[in-house]
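Heads up, the thing below is written out as structure tokens.
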Amino acid sequence: MPERRTVALVTLGCARNEVDSEELAGRLEADGWDLVNDAADADVAVVNTCGFVEAAKKDSVDALLEANDLKGHGRTQAVVAVGCMAERYGKDLAEALPEADGVLGFDDYADISDRLQTILSGGIHAAHTPRDRRKLLPISPAQRQESAASVSLPGHGPAAEAPEAAPADLPEGLAPASGPRAPLRRRLDGAPVASVKLASGCDRRCSFCAIPSFRGSFISRRPSDVLNETRWLAEQGVKEIMLVSENNTSYGKDLGDIRLLESLLPELAEVDGLERVRVSYLQPAEMRPGLIDVLTSTPKVVPYFDLSFQHSAPGVLRAMRRFGDTDRFLELLDTIRGKAPEAGVRSNFIVGFPGETEADLAELERFLNGARLDAIGVFGYSDEEGTEAATYENKLDEDVVAERLARVSRLAEELVSQRAEERVGETVHVLVESIDDEGVYGRGAHQAPETDGQVLLTSGEGLSVGRMVEAKVVGTEGVDLVAEPLDGSLACSEEAGR
């Protein structure tokens, strides 16, 4: 019997990429490939790249070069780039990085096994010519679902290559492994949290962002597919799901119901075995009273608001092709906390945007000081090719951008530490995620995976990964919390796990 082919998936970038990697893993395993964790143990190393900002692109190139260094020293025979950077640059990336044996775009995902086998056998699969993926679907959102079957949408299931006699939708509770729209998916770790793709693409035209050009126009997944995938994940031991897309507040607009998320969330919360439902990537300008109500009042749906503010000075926001201002943003936060005082809020900001004045920066600092955010990401502006902002003339000097980045980053670090200290004395529900010699760590409802800090429990007796523990916050370490499990919570957790 011939030795089975092995493949390792190296994932960079956001949670959406993690979902795409698990779809690729499912497709490959279904076609007879063995999945391994270490690229050094694989015949083919597949690097799922990020193409969002310069730093992320550099990390992707470094990962490809690191995998390439394994060739000739072990089992690894080929290195293949997939993901956003591969989709965005295609043949240009292949020419600039000959160390990659293949550069595959989203249209190759449905035939990923054949593509890798061709490359492994010494053949060449020509890298694609990049195109504006916004043009692949109709301009009208209402017409997109009919055209979706002919477009490759990672995380949405098979494209046109699906078999003609596709099986019926899967029964409730079964793994979404063979439905006509449901993607094959194979978990790449045993973490108690997993992301679920709610939609793909974006219809917004922010002047600094290139994502819509290579991820395409916004298109929602059908609620039944999201529910089936969530049920399967819960059967695999997942306790928390995080709904991801480029813009979750637009969910359902192409399905005829812009409020579809408000009805879907309670259904997801009722999935057996699930403890938490978290929604990420919310647009402040699209927040609706009904959505805020559902996010702050539905059991198991955490009051967590990942709001993409980006800035708060009106002039900068208009140049970004965005909406809002400091006072309106603060009013939104007041509304949220009026319904759920313990709500978690995080956001990202760009400083040094073309034309940003000292007064604009002071306005942003005024917002940050009043917002009481739990987590803050700060980025210095840099040109992204193909974006409107890259054509602006009033660019700031690099040293000015760097100084403003350092200044706002220092403020952000101070403010999130202060916000953490405000939580001392609160009762938090902690999902245990790791137990090692350094302690027992998890996350509260206000903390998303990897981005928002964590909770160190002062006692871990009787606990295991995946347990939910009620604890009282007794201290802080920067943005992180230190919490003491409450009397009876360990026993309840033990009972819940039986």
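Identifiers in the structure tokens: chain A, B, ... in order shown; residue index from 1 per chain; ligand index from 1 in order shown.
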Any chance you could list, as a PyMOL selection string, the residues in region 241-449 of chain A that come up alpha helix (DSSP H) when DSSP is run on the backbone? chain A and resi 260-269+289-297+314-319+326-339+358-371+398-422
Pick out the residues sitting within 7 Å of region 103-113 of chain A, and hand them over as a short mmCIF file (atom, residue, chain, number, x, y, z; two decimals) with N, CA, C and O atoms, in the first residue's frame; count only C-alpha atoms, and ignore anything fewer than 4 positions along from it in its own chain.
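Output (part_1.cif):
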data_model
loop_
_atom_site.label_atom_id
_atom_site.label_comp_id
_atom_site.auth_asym_id
_atom_site.auth_seq_id
_atom_site.Cartn_x
_atom_site.Cartn_y
_atom_site.Cartn_z
N LEU A 24 -10.42 23.78 4.24
CA LEU A 24 -9.41 23.12 3.42
C LEU A 24 -9.00 21.80 4.04
O LEU A 24 -8.81 20.80 3.33
N LEU A 28 -9.31 18.12 2.25
CA LEU A 28 -8.13 17.28 2.06
C LEU A 28 -8.27 15.93 2.76
O LEU A 28 -7.93 14.89 2.21
N ASP A 31 -10.38 13.56 0.98
CA ASP A 31 -9.76 13.02 -0.24
C ASP A 31 -8.53 12.16 0.07
O ASP A 31 -7.75 11.86 -0.83
N VAL A 80 3.06 25.74 -0.43
CA VAL A 80 2.00 26.34 -1.24
C VAL A 80 1.35 27.48 -0.48
O VAL A 80 1.03 27.35 0.71
N ALA A 81 1.15 28.60 -1.15
CA ALA A 81 0.48 29.76 -0.56
C ALA A 81 -0.99 29.76 -0.95
O ALA A 81 -1.33 29.59 -2.13
N VAL A 82 -1.86 29.94 0.03
CA VAL A 82 -3.29 30.15 -0.22
C VAL A 82 -3.71 31.38 0.60
O VAL A 82 -2.88 32.06 1.18
N GLY A 83 -4.97 31.69 0.63
CA GLY A 83 -5.44 32.78 1.48
C GLY A 83 -5.47 34.13 0.78
O GLY A 83 -5.31 34.25 -0.43
N ALA A 86 -2.41 35.42 -1.33
CA ALA A 86 -2.33 34.67 -2.59
C ALA A 86 -3.43 35.11 -3.55
O ALA A 86 -3.20 35.26 -4.75
N GLU A 87 -4.64 35.31 -3.02
CA GLU A 87 -5.75 35.75 -3.86
C GLU A 87 -5.52 37.16 -4.38
O GLU A 87 -5.79 37.45 -5.54
N GLY A 90 -1.74 36.88 -6.59
CA GLY A 90 -1.67 35.85 -7.61
C GLY A 90 -0.30 35.67 -8.24
O GLY A 90 0.69 35.42 -7.56
N ALA A 94 3.73 34.92 -7.06
CA ALA A 94 4.48 33.75 -7.52
C ALA A 94 5.82 34.17 -8.14
O ALA A 94 6.85 33.51 -7.92
N GLN A 117 -1.69 17.71 -5.33
CA GLN A 117 -1.11 16.50 -5.92
C GLN A 117 -0.31 16.85 -7.17
O GLN A 117 0.77 16.31 -7.40
N ALA A 127 -0.36 30.29 -11.32
CA ALA A 127 -1.01 31.21 -10.38
C ALA A 127 -2.03 32.05 -11.13
O ALA A 127 -1.85 32.40 -12.30
N HIS A 128 -3.12 32.36 -10.45
CA HIS A 128 -4.21 33.08 -11.10
C HIS A 128 -3.86 34.56 -11.29
O HIS A 128 -2.98 35.11 -10.63
N SER A 152 -16.73 30.97 -5.98
CA SER A 152 -16.04 30.36 -4.85
C SER A 152 -16.11 31.30 -3.65
O SER A 152 -15.62 32.42 -3.70
N PRO A 154 -15.09 30.92 0.16
CA PRO A 154 -14.53 30.12 1.26
C PRO A 154 -15.40 30.19 2.50
O PRO A 154 -15.84 31.26 2.90
N PRO A 158 -19.28 24.17 -1.34
CA PRO A 158 -18.82 23.98 -2.71
C PRO A 158 -19.31 25.05 -3.67
O PRO A 158 -20.40 25.59 -3.50
N ALA A 159 -18.50 25.35 -4.68
CA ALA A 159 -18.92 26.24 -5.75
C ALA A 159 -19.47 25.40 -6.89
O ALA A 159 -20.06 24.36 -6.68
N GLU A 161 -18.24 23.33 -8.77
CA GLU A 161 -17.70 21.99 -8.92
C GLU A 161 -18.48 20.95 -8.12
O GLU A 161 -18.16 19.78 -8.14
#
Write out as a ChimeraX atom specification which residues come within 10 Å of Asp325 (chain A) when counting only C-alpha atoms, dropping same-chain ones fewer than 2 positions away. /A:309,311-318,322-323,327-330,363-364,367
Give me a file of those residues, with N, CA, C and O atoms, as an mmCIF file, in the first residue's frame.
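Writing done, so here's result-v9.cif:
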data_model
loop_
_atom_site.group_PDB
_atom_site.id
_atom_site.type_symbol
_atom_site.label_atom_id
_atom_site.label_comp_id
_atom_site.auth_asym_id
_atom_site.auth_seq_id
_atom_site.Cartn_x
_atom_site.Cartn_y
_atom_site.Cartn_z
ATOM 1 N N PHE A 309 -14.723 51.431 15.155
ATOM 2 C CA PHE A 309 -14.794 52.894 15.138
ATOM 3 C C PHE A 309 -13.767 53.506 14.179
ATOM 4 O O PHE A 309 -14.069 54.442 13.451
ATOM 5 N N HIS A 311 -11.768 55.827 14.081
ATOM 6 C CA HIS A 311 -11.382 57.175 14.497
ATOM 7 C C HIS A 311 -12.639 57.817 15.067
ATOM 8 O O HIS A 311 -13.706 57.187 15.080
ATOM 9 N N SER A 312 -12.537 59.051 15.573
ATOM 10 C CA SER A 312 -13.759 59.718 16.037
ATOM 11 C C SER A 312 -13.844 61.169 15.575
ATOM 12 O O SER A 312 -14.873 61.818 15.786
ATOM 13 N N ALA A 313 -12.777 61.691 14.960
ATOM 14 C CA ALA A 313 -12.824 63.058 14.434
ATOM 15 C C ALA A 313 -13.635 63.063 13.135
ATOM 16 O O ALA A 313 -13.331 62.295 12.210
ATOM 17 N N PRO A 314 -14.670 63.886 13.029
ATOM 18 C CA PRO A 314 -15.551 63.849 11.856
ATOM 19 C C PRO A 314 -14.821 63.996 10.529
ATOM 20 O O PRO A 314 -15.125 63.285 9.568
ATOM 21 N N GLY A 315 -13.843 64.918 10.443
ATOM 22 C CA GLY A 315 -13.147 65.118 9.181
ATOM 23 C C GLY A 315 -12.368 63.888 8.741
ATOM 24 O O GLY A 315 -12.351 63.530 7.555
ATOM 25 N N VAL A 316 -11.722 63.232 9.693
ATOM 26 C CA VAL A 316 -10.966 62.018 9.366
ATOM 27 C C VAL A 316 -11.924 60.907 8.949
ATOM 28 O O VAL A 316 -11.676 60.191 7.966
ATOM 29 N N LEU A 317 -13.016 60.766 9.673
ATOM 30 C CA LEU A 317 -13.987 59.723 9.322
ATOM 31 C C LEU A 317 -14.560 59.938 7.929
ATOM 32 O O LEU A 317 -14.741 58.973 7.176
ATOM 33 N N ARG A 318 -14.840 61.167 7.560
ATOM 34 C CA ARG A 318 -15.372 61.408 6.215
ATOM 35 C C ARG A 318 -14.330 61.059 5.157
ATOM 36 O O ARG A 318 -14.669 60.502 4.104
ATOM 37 N N ARG A 322 -16.394 56.971 6.147
ATOM 38 C CA ARG A 322 -17.119 56.395 7.262
ATOM 39 C C ARG A 322 -17.987 57.480 7.906
ATOM 40 O O ARG A 322 -17.938 58.643 7.526
ATOM 41 N N PHE A 323 -18.764 57.068 8.916
ATOM 42 C CA PHE A 323 -19.749 57.963 9.511
ATOM 43 C C PHE A 323 -19.578 58.012 11.022
ATOM 44 O O PHE A 323 -19.021 57.118 11.629
ATOM 45 N N ASP A 327 -19.237 62.278 19.887
ATOM 46 C CA ASP A 327 -20.437 62.316 20.722
ATOM 47 C C ASP A 327 -21.420 61.217 20.349
ATOM 48 O O ASP A 327 -22.037 60.587 21.227
ATOM 49 N N ARG A 328 -21.602 60.955 19.053
ATOM 50 C CA ARG A 328 -22.517 59.889 18.654
ATOM 51 C C ARG A 328 -21.994 58.524 19.083
ATOM 52 O O ARG A 328 -22.767 57.649 19.501
ATOM 53 N N PHE A 329 -20.690 58.336 19.006
ATOM 54 C CA PHE A 329 -20.114 57.064 19.441
ATOM 55 C C PHE A 329 -20.280 56.886 20.952
ATOM 56 O O PHE A 329 -20.591 55.787 21.432
ATOM 57 N N LEU A 330 -20.072 57.948 21.710
ATOM 58 C CA LEU A 330 -20.243 57.855 23.163
ATOM 59 C C LEU A 330 -21.704 57.600 23.525
ATOM 60 O O LEU A 330 -21.997 56.853 24.479
ATOM 61 N N GLU A 363 -9.221 64.991 19.382
ATOM 62 C CA GLU A 363 -10.609 64.528 19.404
ATOM 63 C C GLU A 363 -10.664 63.017 19.604
ATOM 64 O O GLU A 363 -11.517 62.502 20.355
ATOM 65 N N LEU A 364 -9.765 62.291 18.949
ATOM 66 C CA LEU A 364 -9.701 60.844 19.151
ATOM 67 C C LEU A 364 -9.356 60.528 20.605
ATOM 68 O O LEU A 364 -9.944 59.629 21.218
ATOM 69 N N PHE A 367 -12.338 60.902 22.780
ATOM 70 C CA PHE A 367 -13.216 59.736 22.699
ATOM 71 C C PHE A 367 -12.667 58.576 23.518
ATOM 72 O O PHE A 367 -13.397 57.945 24.302
#
Rounded to one decimal, what separation in Å do you get between CA of Pro303 (chain A) and CA of Ser195 (chain A)? 17.1 Å
Give me, as number ranges by chain, all polymer residues having an atom no more than 8 Å from region 45-58 of chain A, counting only C-alpha atoms and skipping those fewer than 5 positions away in the same chain. A: 7-14, 17, 21, 39, 63-64, 67, 76, 78-86, 88, 209-211, 382, 384
Save out the residues we just selected, C-alpha atoms, as a PDB file, in the first residue's frame.
ATOM      1  CA  VAL A   7      -0.240  18.028   4.639  1.00  0.00           C
ATOM      2  CA  ALA A   8       0.166  20.744   7.268  1.00  0.00           C
ATOM      3  CA  LEU A   9      -1.862  23.941   7.346  1.00  0.00           C
ATOM      4  CA  VAL A  10      -0.172  27.058   8.712  1.00  0.00           C
ATOM      5  CA  THR A  11      -2.735  29.805   9.361  1.00  0.00           C
ATOM      6  CA  LEU A  12      -2.031  33.521   9.655  1.00  0.00           C
ATOM      7  CA  GLY A  13      -4.369  36.471  10.030  1.00  0.00           C
ATOM      8  CA  CYS A  14      -7.904  36.644  11.361  1.00  0.00           C
ATOM      9  CA  ASN A  17      -8.815  32.583   7.826  1.00  0.00           C
ATOM     10  CA  SER A  21      -8.163  26.534   6.914  1.00  0.00           C
ATOM     11  CA  ALA A  39       5.138  21.452   8.555  1.00  0.00           C
ATOM     12  CA  ALA A  63       6.070  31.934   7.109  1.00  0.00           C
ATOM     13  CA  LEU A  64       6.429  30.823   3.484  1.00  0.00           C
ATOM     14  CA  ALA A  67       8.441  26.473   5.451  1.00  0.00           C
ATOM     15  CA  THR A  76       8.627  18.506   3.220  1.00  0.00           C
ATOM     16  CA  ALA A  78       6.509  21.540  -1.443  1.00  0.00           C
ATOM     17  CA  VAL A  79       5.270  24.838  -0.015  1.00  0.00           C
ATOM     18  CA  VAL A  80       1.998  26.336  -1.243  1.00  0.00           C
ATOM     19  CA  ALA A  81       0.482  29.761  -0.556  1.00  0.00           C
ATOM     20  CA  VAL A  82      -3.292  30.149  -0.217  1.00  0.00           C
ATOM     21  CA  GLY A  83      -5.444  32.777   1.479  1.00  0.00           C
ATOM     22  CA  CYS A  84      -5.907  36.505   1.059  1.00  0.00           C
ATOM     23  CA  MET A  85      -2.376  37.426   0.022  1.00  0.00           C
ATOM     24  CA  ALA A  86      -2.330  34.668  -2.586  1.00  0.00           C
ATOM     25  CA  ARG A  88      -4.845  39.421  -3.887  1.00  0.00           C
ATOM     26  CA  CYS A 209      -9.295  49.130   2.988  1.00  0.00           C
ATOM     27  CA  ALA A 210      -8.582  46.744   0.116  1.00  0.00           C
ATOM     28  CA  ILE A 211     -10.455  43.749   1.561  1.00  0.00           C
ATOM     29  CA  SER A 382       0.254  53.180   5.668  1.00  0.00           C
ATOM     30  CA  GLU A 384      -2.506  50.064   0.723  1.00  0.00           C
TER      31      GLU A 384
END
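Minimum atom-to-atom distances from A:Ile139, A:Val351, A:Val19, A:Leu93 to Val196 (chain A) were compared using only C-alpha atoms, and the lowest value belongs to A:Val19.
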Any chance you could list, as a count of residues only, the residues in region 308-389 of chain A that come up strand (DSSP E) when DSSP is run on the backbone? 14
When you look at Leu136 (chain A) with a cut-off of 12 Å (counting only C-alpha atoms), what residues show up, excluding the ones that are within fewer than 2 positions of it in the same chain? I need them as a ChimeraX atom specification. /A:107,131-134,138-140,143-145,147-153,201,212-219
Could you check which of A:Phe208, A:Val469, A:Val455, A:Thr230 is closest to Ile350 (chain A), using only C-alpha atoms? A:Phe208
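Distance check against Asn247 (chain A) using only C-alpha atoms: of A:Gly26, A:Gly190, A:Gly370, A:Pro284, the minimum falls on A:Pro284.
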One-decimal distance in Å that lies between CA of Ala375 (chain A) and CA of Gly273 (chain A):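 Result for CA of Gly273 (chain A) versus CA of Ala375 (chain A): 28.5 Å, one decimal.
Counting from CA of Val279 (chain A), the distance to CA of Val301 (chain A) is 8.3 Å.
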Find the spatial neighbours of Leu260 (chain A), counting only C-alpha atoms, within a cut-off of 9 Å - ignore same-chain residues fewer than 5 positions away - and output them as an mmCIF file with N, CA and C atoms, in the first residue's frame.
data_model
loop_
_atom_site.group_PDB
_atom_site.id
_atom_site.type_symbol
_atom_site.label_atom_id
_atom_site.label_comp_id
_atom_site.auth_asym_id
_atom_site.auth_seq_id
_atom_site.Cartn_x
_atom_site.Cartn_y
_atom_site.Cartn_z
ATOM 1 N N PRO A 223 -29.264 30.768 7.284
ATOM 2 C CA PRO A 223 -29.349 30.435 8.712
ATOM 3 C C PRO A 223 -29.270 28.942 8.993
ATOM 4 N N TYR A 251 -25.693 41.261 8.050
ATOM 5 C CA TYR A 251 -26.197 39.903 7.814
ATOM 6 C C TYR A 251 -27.689 39.913 7.486
ATOM 7 N N GLY A 252 -28.022 39.203 6.415
ATOM 8 C CA GLY A 252 -29.413 39.026 6.024
ATOM 9 C C GLY A 252 -29.917 39.996 4.987
ATOM 10 N N LYS A 253 -29.156 41.061 4.682
ATOM 11 C CA LYS A 253 -29.684 42.057 3.746
ATOM 12 C C LYS A 253 -29.879 41.463 2.356
ATOM 13 N N LEU A 255 -30.721 38.344 1.968
ATOM 14 C CA LEU A 255 -31.730 37.297 2.148
ATOM 15 C C LEU A 255 -33.111 37.901 2.398
ATOM 16 N N LEU A 265 -29.722 34.643 16.453
ATOM 17 C CA LEU A 265 -28.951 34.519 17.697
ATOM 18 C C LEU A 265 -29.666 33.693 18.765
#
Of the listed residues A:Glu66, A:Glu358, A:Asp436, A:Asp20, that which approaches Ser200 (chain A) most closely, counting only C-alpha atoms: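 Looking only at the distances to Ser200 (chain A), the closest residue turns out to be A:Asp20.
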